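Shown below: my_file_25.pdb, with PDB, C-alpha atoms, pLDDT in the B column.
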ATOM      1  CA  MET A   1     -26.892  -6.364   4.371  1.00 83.00           C
ATOM      2  CA  GLU A   2     -30.527  -6.269   5.405  1.00 94.00           C
ATOM      3  CA  PRO A   3     -32.113  -2.836   4.878  1.00 96.00           C
ATOM      4  CA  LYS A   4     -34.296  -3.174   7.983  1.00 96.00           C
ATOM      5  CA  LYS A   5     -31.161  -3.760  10.058  1.00 97.00           C
ATOM      6  CA  THR A   6     -29.234  -0.904   8.454  1.00 98.00           C
ATOM      7  CA  ALA A   7     -28.948   2.704   9.605  1.00 98.00           C
ATOM      8  CA  LEU A   8     -27.746   5.564   7.464  1.00 98.00           C
ATOM      9  CA  VAL A   9     -25.989   7.846   9.962  1.00 98.00           C
ATOM     10  CA  LEU A  10     -25.636  11.360   8.591  1.00 98.00           C
ATOM     11  CA  VAL A  11     -22.999  13.365  10.408  1.00 98.00           C
ATOM     12  CA  GLU A  12     -23.180  17.163  10.528  1.00 98.00           C
ATOM     13  CA  LEU A  13     -25.301  17.977   7.478  1.00 98.00           C
ATOM     14  CA  GLN A  14     -25.592  21.506   8.807  1.00 98.00           C
ATOM     15  CA  ASN A  15     -25.777  24.962   7.286  1.00 98.00           C
ATOM     16  CA  GLU A  16     -22.340  25.844   8.571  1.00 98.00           C
ATOM     17  CA  PHE A  17     -20.856  23.204   6.256  1.00 98.00           C
ATOM     18  CA  LEU A  18     -23.307  22.785   3.376  1.00 98.00           C
ATOM     19  CA  SER A  19     -25.138  26.066   2.789  1.00 97.00           C
ATOM     20  CA  GLU A  20     -24.012  29.254   1.113  1.00 96.00           C
ATOM     21  CA  GLY A  21     -23.212  31.673   3.925  1.00 97.00           C
ATOM     22  CA  GLY A  22     -22.139  28.923   6.300  1.00 97.00           C
ATOM     23  CA  ILE A  23     -18.976  29.873   8.173  1.00 97.00           C
ATOM     24  CA  LEU A  24     -17.167  26.636   7.284  1.00 96.00           C
ATOM     25  CA  ASN A  25     -18.707  26.131   3.849  1.00 97.00           C
ATOM     26  CA  PRO A  26     -15.844  27.824   1.927  1.00 97.00           C
ATOM     27  CA  LEU A  27     -13.365  25.376   3.467  1.00 96.00           C
ATOM     28  CA  LEU A  28     -15.296  22.378   2.109  1.00 97.00           C
ATOM     29  CA  LYS A  29     -16.424  23.850  -1.190  1.00 97.00           C
ATOM     30  CA  GLU A  30     -13.675  22.298  -3.312  1.00 97.00           C
ATOM     31  CA  VAL A  31     -14.595  18.763  -2.257  1.00 98.00           C
ATOM     32  CA  LEU A  32     -18.344  19.456  -2.174  1.00 98.00           C
ATOM     33  CA  ASP A  33     -18.299  20.686  -5.763  1.00 98.00           C
ATOM     34  CA  ARG A  34     -15.855  18.182  -7.220  1.00 97.00           C
ATOM     35  CA  ASN A  35     -17.695  15.160  -5.830  1.00 97.00           C
ATOM     36  CA  ASP A  36     -21.238  16.562  -6.246  1.00 98.00           C
ATOM     37  CA  VAL A  37     -21.709  15.813  -2.560  1.00 98.00           C
ATOM     38  CA  LEU A  38     -25.032  17.583  -2.002  1.00 98.00           C
ATOM     39  CA  ASN A  39     -26.804  15.780  -4.826  1.00 98.00           C
ATOM     40  CA  ASN A  40     -25.219  12.476  -3.846  1.00 98.00           C
ATOM     41  CA  LEU A  41     -26.321  12.924  -0.240  1.00 98.00           C
ATOM     42  CA  ASN A  42     -29.931  13.416  -1.300  1.00 98.00           C
ATOM     43  CA  ARG A  43     -29.810  10.465  -3.693  1.00 98.00           C
ATOM     44  CA  LEU A  44     -28.350   8.364  -0.887  1.00 98.00           C
ATOM     45  CA  ILE A  45     -30.919   9.485   1.687  1.00 98.00           C
ATOM     46  CA  GLU A  46     -33.906   9.039  -0.593  1.00 98.00           C
ATOM     47  CA  GLY A  47     -32.687   5.652  -1.814  1.00 97.00           C
ATOM     48  CA  ALA A  48     -31.988   4.411   1.708  1.00 98.00           C
ATOM     49  CA  ARG A  49     -35.366   5.639   2.927  1.00 97.00           C
ATOM     50  CA  ALA A  50     -37.118   3.872   0.046  1.00 96.00           C
ATOM     51  CA  LYS A  51     -35.431   0.623   1.061  1.00 96.00           C
ATOM     52  CA  GLY A  52     -36.650   0.982   4.640  1.00 96.00           C
ATOM     53  CA  MET A  53     -33.332   1.875   6.255  1.00 98.00           C
ATOM     54  CA  LEU A  54     -33.281   3.919   9.441  1.00 98.00           C
ATOM     55  CA  ILE A  55     -32.239   7.531   8.741  1.00 98.00           C
ATOM     56  CA  VAL A  56     -30.331   9.128  11.603  1.00 98.00           C
ATOM     57  CA  HIS A  57     -28.927  12.663  11.779  1.00 98.00           C
ATOM     58  CA  SER A  58     -26.089  13.515  14.141  1.00 98.00           C
ATOM     59  CA  PRO A  59     -25.468  17.282  14.138  1.00 98.00           C
ATOM     60  CA  ILE A  60     -22.758  18.858  16.284  1.00 97.00           C
ATOM     61  CA  GLN A  61     -23.608  21.892  18.405  1.00 97.00           C
ATOM     62  CA  PHE A  62     -22.024  23.955  21.150  1.00 97.00           C
ATOM     63  CA  SER A  63     -23.051  26.468  23.790  1.00 97.00           C
ATOM     64  CA  PRO A  64     -22.282  30.123  22.962  1.00 97.00           C
ATOM     65  CA  ASP A  65     -19.259  30.011  25.281  1.00 96.00           C
ATOM     66  CA  TYR A  66     -18.120  26.589  23.951  1.00 96.00           C
ATOM     67  CA  ARG A  67     -18.041  25.232  27.490  1.00 96.00           C
ATOM     68  CA  GLU A  68     -18.216  21.678  26.112  1.00 94.00           C
ATOM     69  CA  MET A  69     -14.638  22.067  24.853  1.00 95.00           C
ATOM     70  CA  GLY A  70     -13.164  22.812  28.252  1.00 92.00           C
ATOM     71  CA  THR A  71     -10.613  25.546  28.837  1.00 91.00           C
ATOM     72  CA  SER A  72      -7.946  24.603  26.292  1.00 91.00           C
ATOM     73  CA  PRO A  73      -9.387  23.343  22.995  1.00 92.00           C
ATOM     74  CA  PHE A  74      -6.971  22.693  20.153  1.00 94.00           C
ATOM     75  CA  GLY A  75      -6.957  21.317  16.638  1.00 93.00           C
ATOM     76  CA  ILE A  76     -10.270  21.192  14.816  1.00 91.00           C
ATOM     77  CA  LEU A  77     -12.257  22.254  17.883  1.00 94.00           C
ATOM     78  CA  GLN A  78     -10.129  25.371  18.216  1.00 94.00           C
ATOM     79  CA  ILE A  79     -10.907  26.193  14.582  1.00 93.00           C
ATOM     80  CA  VAL A  80     -14.629  25.867  15.307  1.00 95.00           C
ATOM     81  CA  LYS A  81     -14.398  28.091  18.381  1.00 96.00           C
ATOM     82  CA  ASP A  82     -12.253  30.722  16.679  1.00 95.00           C
ATOM     83  CA  SER A  83     -14.761  30.817  13.816  1.00 95.00           C
ATOM     84  CA  ASN A  84     -17.705  31.190  16.206  1.00 96.00           C
ATOM     85  CA  ALA A  85     -19.348  28.331  14.343  1.00 97.00           C
ATOM     86  CA  LEU A  86     -21.971  25.704  15.184  1.00 98.00           C
ATOM     87  CA  VAL A  87     -23.534  27.516  18.119  1.00 98.00           C
ATOM     88  CA  ARG A  88     -26.727  25.845  19.349  1.00 97.00           C
ATOM     89  CA  GLY A  89     -29.862  27.721  18.313  1.00 97.00           C
ATOM     90  CA  THR A  90     -28.267  29.555  15.403  1.00 98.00           C
ATOM     91  CA  TRP A  91     -28.943  29.144  11.683  1.00 98.00           C
ATOM     92  CA  GLY A  92     -25.467  27.715  11.149  1.00 98.00           C
ATOM     93  CA  ALA A  93     -26.093  24.814  13.529  1.00 98.00           C
ATOM     94  CA  ASP A  94     -29.398  23.833  11.877  1.00 98.00           C
ATOM     95  CA  ILE A  95     -29.538  20.898   9.481  1.00 98.00           C
ATOM     96  CA  SER A  96     -29.360  22.411   6.007  1.00 98.00           C
ATOM     97  CA  PRO A  97     -32.668  22.783   4.115  1.00 97.00           C
ATOM     98  CA  VAL A  98     -30.930  21.478   0.989  1.00 96.00           C
ATOM     99  CA  ILE A  99     -30.981  18.026   2.613  1.00 97.00           C
ATOM    100  CA  SER A 100     -33.921  15.669   2.105  1.00 96.00           C
ATOM    101  CA  ARG A 101     -35.739  15.331   5.439  1.00 95.00           C
ATOM    102  CA  HIS A 102     -38.721  13.311   6.661  1.00 95.00           C
ATOM    103  CA  GLU A 103     -40.628  13.449   9.930  1.00 94.00           C
ATOM    104  CA  ASP A 104     -39.650   9.843  10.670  1.00 94.00           C
ATOM    105  CA  ASP A 105     -35.922  10.628  10.557  1.00 97.00           C
ATOM    106  CA  ILE A 106     -34.201  10.488  13.936  1.00 98.00           C
ATOM    107  CA  VAL A 107     -32.088  13.408  15.143  1.00 98.00           C
ATOM    108  CA  ILE A 108     -29.498  12.550  17.784  1.00 97.00           C
ATOM    109  CA  GLU A 109     -29.014  15.341  20.296  1.00 95.00           C
ATOM    110  CA  GLY A 110     -25.911  16.212  22.283  1.00 94.00           C
ATOM    111  CA  LYS A 111     -23.040  15.701  19.876  1.00 96.00           C
ATOM    112  CA  SER A 112     -20.203  17.953  21.015  1.00 96.00           C
ATOM    113  CA  ALA A 113     -17.336  15.588  20.285  1.00 94.00           C
ATOM    114  CA  ILE A 114     -15.649  14.286  17.152  1.00 95.00           C
ATOM    115  CA  ASP A 115     -16.997  10.727  17.453  1.00 97.00           C
ATOM    116  CA  ALA A 116     -20.798  10.642  17.060  1.00 97.00           C
ATOM    117  CA  PHE A 117     -21.022   7.810  19.592  1.00 97.00           C
ATOM    118  CA  SER A 118     -18.944   9.269  22.411  1.00 93.00           C
ATOM    119  CA  SER A 119     -21.152  12.093  23.694  1.00 89.00           C
ATOM    120  CA  THR A 120     -24.584  10.900  22.539  1.00 97.00           C
ATOM    121  CA  ASN A 121     -27.068   8.046  22.875  1.00 96.00           C
ATOM    122  CA  LEU A 122     -26.511   6.963  19.251  1.00 98.00           C
ATOM    123  CA  ASP A 123     -25.656   3.366  20.158  1.00 98.00           C
ATOM    124  CA  PHE A 124     -28.648   3.230  22.522  1.00 97.00           C
ATOM    125  CA  VAL A 125     -30.917   4.343  19.659  1.00 97.00           C
ATOM    126  CA  LEU A 126     -29.493   1.899  17.104  1.00 98.00           C
ATOM    127  CA  ARG A 127     -29.596  -1.267  19.223  1.00 97.00           C
ATOM    128  CA  PRO A 128     -33.370  -1.361  19.944  1.00 97.00           C
ATOM    129  CA  HIS A 129     -34.019  -0.990  16.213  1.00 97.00           C
ATOM    130  CA  GLY A 130     -32.005  -4.159  15.617  1.00 98.00           C
ATOM    131  CA  ILE A 131     -29.358  -2.296  13.637  1.00 98.00           C
ATOM    132  CA  THR A 132     -26.318  -4.363  12.712  1.00 98.00           C
ATOM    133  CA  THR A 133     -25.033  -2.302   9.766  1.00 98.00           C
ATOM    134  CA  VAL A 134     -24.128   1.381   9.784  1.00 98.00           C
ATOM    135  CA  ALA A 135     -23.483   3.517   6.698  1.00 98.00           C
ATOM    136  CA  LEU A 136     -21.756   6.843   7.282  1.00 98.00           C
ATOM    137  CA  ALA A 137     -21.916  10.052   5.253  1.00 98.00           C
ATOM    138  CA  GLY A 138     -21.333  13.731   5.952  1.00 98.00           C
ATOM    139  CA  GLN A 139     -18.570  15.840   7.448  1.00 97.00           C
ATOM    140  CA  LEU A 140     -15.679  15.879   7.952  1.00 98.00           C
ATOM    141  CA  THR A 141     -14.326  12.906   6.017  1.00 98.00           C
ATOM    142  CA  ASN A 142     -11.068  12.615   7.944  1.00 98.00           C
ATOM    143  CA  VAL A 143     -12.363  13.890  11.289  1.00 97.00           C
ATOM    144  CA  CYS A 144     -15.886  13.109  12.535  1.00 97.00           C
ATOM    145  CA  ILE A 145     -16.699  10.511   9.878  1.00 98.00           C
ATOM    146  CA  GLU A 146     -13.452   8.643  10.390  1.00 98.00           C
ATOM    147  CA  SER A 147     -13.696   8.803  14.189  1.00 98.00           C
ATOM    148  CA  THR A 148     -17.313   7.602  14.143  1.00 98.00           C
ATOM    149  CA  MET A 149     -16.326   4.872  11.694  1.00 98.00           C
ATOM    150  CA  ARG A 150     -13.659   3.546  14.041  1.00 98.00           C
ATOM    151  CA  SER A 151     -16.102   3.623  16.937  1.00 98.00           C
ATOM    152  CA  ALA A 152     -18.826   1.782  14.999  1.00 98.00           C
ATOM    153  CA  TYR A 153     -16.255  -0.812  13.947  1.00 98.00           C
ATOM    154  CA  ASP A 154     -15.178  -1.320  17.570  1.00 98.00           C
ATOM    155  CA  ARG A 155     -18.805  -1.766  18.605  1.00 98.00           C
ATOM    156  CA  GLY A 156     -19.240  -4.645  16.184  1.00 98.00           C
ATOM    157  CA  TYR A 157     -21.313  -2.982  13.487  1.00 98.00           C
ATOM    158  CA  GLN A 158     -20.755  -3.764   9.838  1.00 98.00           C
ATOM    159  CA  VAL A 159     -19.672  -0.379   8.495  1.00 98.00           C
ATOM    160  CA  PHE A 160     -19.928   1.243   5.080  1.00 98.00           C
ATOM    161  CA  GLY A 161     -18.327   4.598   4.276  1.00 98.00           C
ATOM    162  CA  ILE A 162     -20.062   6.479   1.468  1.00 98.00           C
ATOM    163  CA  THR A 163     -17.194   8.021  -0.463  1.00 98.00           C
ATOM    164  CA  ASP A 164     -19.048  10.471  -2.695  1.00 98.00           C
ATOM    165  CA  ALA A 165     -21.343  11.784   0.050  1.00 98.00           C
ATOM    166  CA  SER A 166     -18.663  13.166   2.338  1.00 98.00           C
ATOM    167  CA  ALA A 167     -16.431  16.227   2.336  1.00 98.00           C
ATOM    168  CA  THR A 168     -13.546  17.760   4.225  1.00 98.00           C
ATOM    169  CA  ILE A 169     -11.039  20.590   4.042  1.00 96.00           C
ATOM    170  CA  GLY A 170      -9.087  19.884   0.843  1.00 95.00           C
ATOM    171  CA  ILE A 171      -8.920  17.191  -1.830  1.00 97.00           C
ATOM    172  CA  LYS A 172      -5.682  15.681  -0.518  1.00 98.00           C
ATOM    173  CA  GLN A 173      -7.080  15.271   2.991  1.00 97.00           C
ATOM    174  CA  PHE A 174     -10.218  13.686   1.533  1.00 98.00           C
ATOM    175  CA  GLU A 175      -8.323  11.252  -0.672  1.00 98.00           C
ATOM    176  CA  ASP A 176      -5.812  10.306   2.015  1.00 98.00           C
ATOM    177  CA  SER A 177      -8.593   9.429   4.445  1.00 98.00           C
ATOM    178  CA  VAL A 178     -10.799   7.520   2.003  1.00 98.00           C
ATOM    179  CA  THR A 179      -7.878   5.668   0.409  1.00 98.00           C
ATOM    180  CA  ASN A 180      -5.680   4.866   3.394  1.00 98.00           C
ATOM    181  CA  ASN A 181      -7.856   4.889   6.520  1.00 98.00           C
ATOM    182  CA  TRP A 182     -11.448   4.100   5.618  1.00 98.00           C
ATOM    183  CA  PRO A 183     -10.670   0.589   4.293  1.00 98.00           C
ATOM    184  CA  MET A 184      -9.258  -0.353   7.705  1.00 98.00           C
ATOM    185  CA  PHE A 185     -12.614   0.208   9.421  1.00 98.00           C
ATOM    186  CA  SER A 186     -15.275   0.084   6.703  1.00 98.00           C
ATOM    187  CA  VAL A 187     -16.235  -0.939   3.199  1.00 98.00           C
ATOM    188  CA  PRO A 188     -15.795   2.280   1.167  1.00 98.00           C
ATOM    189  CA  VAL A 189     -18.429   2.543  -1.583  1.00 98.00           C
ATOM    190  CA  THR A 190     -20.153   5.222  -3.630  1.00 98.00           C
ATOM    191  CA  HIS A 191     -23.777   6.002  -2.860  1.00 98.00           C
ATOM    192  CA  ALA A 192     -24.887   4.078  -5.967  1.00 98.00           C
ATOM    193  CA  GLU A 193     -22.840   1.020  -5.015  1.00 97.00           C
ATOM    194  CA  PHE A 194     -24.244   1.092  -1.508  1.00 98.00           C
ATOM    195  CA  LEU A 195     -27.840   1.283  -2.675  1.00 97.00           C
ATOM    196  CA  ALA A 196     -27.223  -1.582  -5.095  1.00 96.00           C
ATOM    197  CA  ILE A 197     -25.923  -3.868  -2.348  1.00 90.00           C
ATOM    198  CA  GLY A 198     -28.497  -6.493  -1.558  1.00 56.00           C
ATOM    199  CA  ASN A 199     -29.736  -6.592  -5.127  1.00 61.00           C
ATOM    200  CA  ASN A 200     -26.660  -8.360  -6.482  1.00 51.00           C
ATOM    201  CA  CYS A 201     -25.747 -10.960  -3.862  1.00 45.00           C
ATOM    202  CA  GLY A 202     -25.085 -14.226  -5.614  1.00 37.00           C
ATOM    203  CA  GLY A 203     -22.593 -12.994  -8.142  1.00 35.00           C
ATOM    204  CA  ARG A 204     -18.838 -12.664  -7.841  1.00 34.00           C
ATOM    205  CA  ARG A 205     -17.574 -12.941  -4.256  1.00 35.00           C
ATOM    206  CA  ASP A 206     -14.461 -10.808  -3.976  1.00 40.00           C
ATOM    207  CA  ALA A 207     -13.221 -10.162  -0.419  1.00 35.00           C
ATOM    208  CA  LYS A 208     -12.399  -6.593  -1.390  1.00 47.00           C
ATOM    209  CA  SER A 209     -15.734  -5.819  -2.974  1.00 49.00           C
ATOM    210  CA  ALA A 210     -18.907  -4.389  -1.568  1.00 50.00           C
ATOM    211  CA  GLU A 211     -20.778  -7.451  -2.814  1.00 48.00           C
ATOM    212  CA  ALA A 212     -18.623  -9.662  -0.604  1.00 49.00           C
ATOM    213  CA  ALA A 213     -19.517  -7.552   2.406  1.00 47.00           C
ATOM    214  CA  CYS A 214     -23.170  -7.990   1.494  1.00 48.00           C
ATOM    215  CA  CYS A 215     -23.101 -11.708   0.785  1.00 44.00           C
ATOM    216  CA  ASN A 216     -20.768 -13.063   3.469  1.00 42.00           C
TER     217      ASN A 216
END

This structure in structure tokens:
Amino acid sequence: MEPKKTALVLVELQNEFLSEGGILNPLLKEVLDRNDVLNNLNRLIEGARAKGMLIVHSPIQFSPDYREMGTSPFGILQIVKDSNALVRGTWGADISPVISRHEDDIVIEGKSAIDAFSSTNLDFVLRPHGITTVALAGQLTNVCIESTMRSAYDRGYQVFGITDASATIGIKQFEDSVTNNWPMFSVPVTHAEFLAIGNNCGGRRDAKSAEAACCN
């Protein structure tokens, strides 16, 4: 992994999910608190920035009438609509102030789908920067992160999923996704393991380890 060819893609680090008073925050609170997600996100962001990685935010936002969902949303999108959450221009849709930000960070506009690639120019932004590796963190572990992970994998990126910098609705859902699905499309690592990759290439080469992904 070369830091200059690596992008940290941060999915939906918005008030609605991460801040007290956010409509969806109570649903994630168990996982956020147990895994110390907010502190881990900031450690991850600051460490990645110090290494020269590209920092990219991909918030999700909708019109007040949720026209982007069509006439018959269901599943997670129906939950968002019923909650009146993530409306463009509202406090809830803003990136949370608890997150470390820098003026050089890139914010991808237009995400109104589960996969961060499908309704945005994310791929178009990554390619000119020479990005070959994508690390994913944010919300929801088993929804937008997992869908974006699959899409990045299909596009030929080397993909890392940051296990302790992601949250979803319930511990079981989190663990099922990280344990059973993430390894099919990414190298699941903690934020500390991810930041250490590149410093330890030359040691043990285990096909299941993060070091192997770095050194191969």

Could you spell out the hits of the PyMOL selection byres ((chain A and resi 121-127) around 10) on the shown file, as a tab-separated table (two decimals) with C-alpha atoms, keeping the file's coordinate frame?
chain	number	residue	atom	x	y	z
A	5	LYS	CA	-31.16	-3.76	10.06
A	6	THR	CA	-29.23	-0.90	8.45
A	7	ALA	CA	-28.95	2.70	9.60
A	9	VAL	CA	-25.99	7.85	9.96
A	54	LEU	CA	-33.28	3.92	9.44
A	56	VAL	CA	-30.33	9.13	11.60
A	57	HIS	CA	-28.93	12.66	11.78
A	58	SER	CA	-26.09	13.52	14.14
A	106	ILE	CA	-34.20	10.49	13.94
A	107	VAL	CA	-32.09	13.41	15.14
A	108	ILE	CA	-29.50	12.55	17.78
A	109	GLU	CA	-29.01	15.34	20.30
A	110	GLY	CA	-25.91	16.21	22.28
A	111	LYS	CA	-23.04	15.70	19.88
A	116	ALA	CA	-20.80	10.64	17.06
A	117	PHE	CA	-21.02	7.81	19.59
A	118	SER	CA	-18.94	9.27	22.41
A	119	SER	CA	-21.15	12.09	23.69
A	120	THR	CA	-24.58	10.90	22.54
A	128	PRO	CA	-33.37	-1.36	19.94
A	129	HIS	CA	-34.02	-0.99	16.21
A	130	GLY	CA	-32.01	-4.16	15.62
A	131	ILE	CA	-29.36	-2.30	13.64
A	132	THR	CA	-26.32	-4.36	12.71
A	133	THR	CA	-25.03	-2.30	9.77
A	134	VAL	CA	-24.13	1.38	9.78
A	152	ALA	CA	-18.83	1.78	15.00
A	155	ARG	CA	-18.80	-1.77	18.60

>> Give me, as a count of residues only, all polymer residues having an atom no more than 7 Å from Gln61 in chain A, counting only C-alpha atoms and skipping those fewer than 5 positions away in the same chain.
In response: 6

> When the PyMOL selection byres ((chain A and resi 46-53) around 10) is applied to the file above, which residues end up in the set, as a PyMOL selection string?
Replying inline: chain A and resi 2-8+40-45+54-56+99-102+104-105+131+133-135+191-192+194-196

Could you take the residues named above and write them with C-alpha atoms, as a PDB file, keeping the file's coordinate frame?
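Generated output (selection-v9.pdb):
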ATOM      1  CA  GLU A   2     -30.527  -6.269   5.405  1.00 94.00           C
ATOM      2  CA  PRO A   3     -32.113  -2.836   4.878  1.00 96.00           C
ATOM      3  CA  LYS A   4     -34.296  -3.174   7.983  1.00 96.00           C
ATOM      4  CA  LYS A   5     -31.161  -3.760  10.058  1.00 97.00           C
ATOM      5  CA  THR A   6     -29.234  -0.904   8.454  1.00 98.00           C
ATOM      6  CA  ALA A   7     -28.948   2.704   9.605  1.00 98.00           C
ATOM      7  CA  LEU A   8     -27.746   5.564   7.464  1.00 98.00           C
ATOM      8  CA  ASN A  40     -25.219  12.476  -3.846  1.00 98.00           C
ATOM      9  CA  LEU A  41     -26.321  12.924  -0.240  1.00 98.00           C
ATOM     10  CA  ASN A  42     -29.931  13.416  -1.300  1.00 98.00           C
ATOM     11  CA  ARG A  43     -29.810  10.465  -3.693  1.00 98.00           C
ATOM     12  CA  LEU A  44     -28.350   8.364  -0.887  1.00 98.00           C
ATOM     13  CA  ILE A  45     -30.919   9.485   1.687  1.00 98.00           C
ATOM     14  CA  LEU A  54     -33.281   3.919   9.441  1.00 98.00           C
ATOM     15  CA  ILE A  55     -32.239   7.531   8.741  1.00 98.00           C
ATOM     16  CA  VAL A  56     -30.331   9.128  11.603  1.00 98.00           C
ATOM     17  CA  ILE A  99     -30.981  18.026   2.613  1.00 97.00           C
ATOM     18  CA  SER A 100     -33.921  15.669   2.105  1.00 96.00           C
ATOM     19  CA  ARG A 101     -35.739  15.331   5.439  1.00 95.00           C
ATOM     20  CA  HIS A 102     -38.721  13.311   6.661  1.00 95.00           C
ATOM     21  CA  ASP A 104     -39.650   9.843  10.670  1.00 94.00           C
ATOM     22  CA  ASP A 105     -35.922  10.628  10.557  1.00 97.00           C
ATOM     23  CA  ILE A 131     -29.358  -2.296  13.637  1.00 98.00           C
ATOM     24  CA  THR A 133     -25.033  -2.302   9.766  1.00 98.00           C
ATOM     25  CA  VAL A 134     -24.128   1.381   9.784  1.00 98.00           C
ATOM     26  CA  ALA A 135     -23.483   3.517   6.698  1.00 98.00           C
ATOM     27  CA  HIS A 191     -23.777   6.002  -2.860  1.00 98.00           C
ATOM     28  CA  ALA A 192     -24.887   4.078  -5.967  1.00 98.00           C
ATOM     29  CA  PHE A 194     -24.244   1.092  -1.508  1.00 98.00           C
ATOM     30  CA  LEU A 195     -27.840   1.283  -2.675  1.00 97.00           C
ATOM     31  CA  ALA A 196     -27.223  -1.582  -5.095  1.00 96.00           C
TER      32      ALA A 196
END

>> For a test of reading the model, state the distance in Å between CA of Arg34 in chain A and CA of Ile171 in chain A, rounded to one decimal.
In response: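 Atom-to-atom, CA of Arg34 in chain A and CA of Ile171 in chain A are spaced 8.8 Å apart.
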
>> Please determine, counting only C-alpha atoms, which residue among A:Ser19, A:Asn142, A:Thr190, A:Gln173 has the shortest atom-to-atom distance to Trp91 in chain A.
In response: A:Ser19

>> Would you compute the distance between CA of Asp82 in chain A and CA of Leu24 in chain A? Give it in Å to one decimal.
In response: 11.4 Å

> Counting all atoms listed in the file, which of A:Leu77, A:Leu32, A:Val178, A:Val159 gets nearest to Thr141 in chain A?
Replying inline: A:Val178

>> What does the structure give for the distance between CA of Leu18 in chain A and CA of Pro64 in chain A, in Å to one decimal?
In response: 20.9 Å
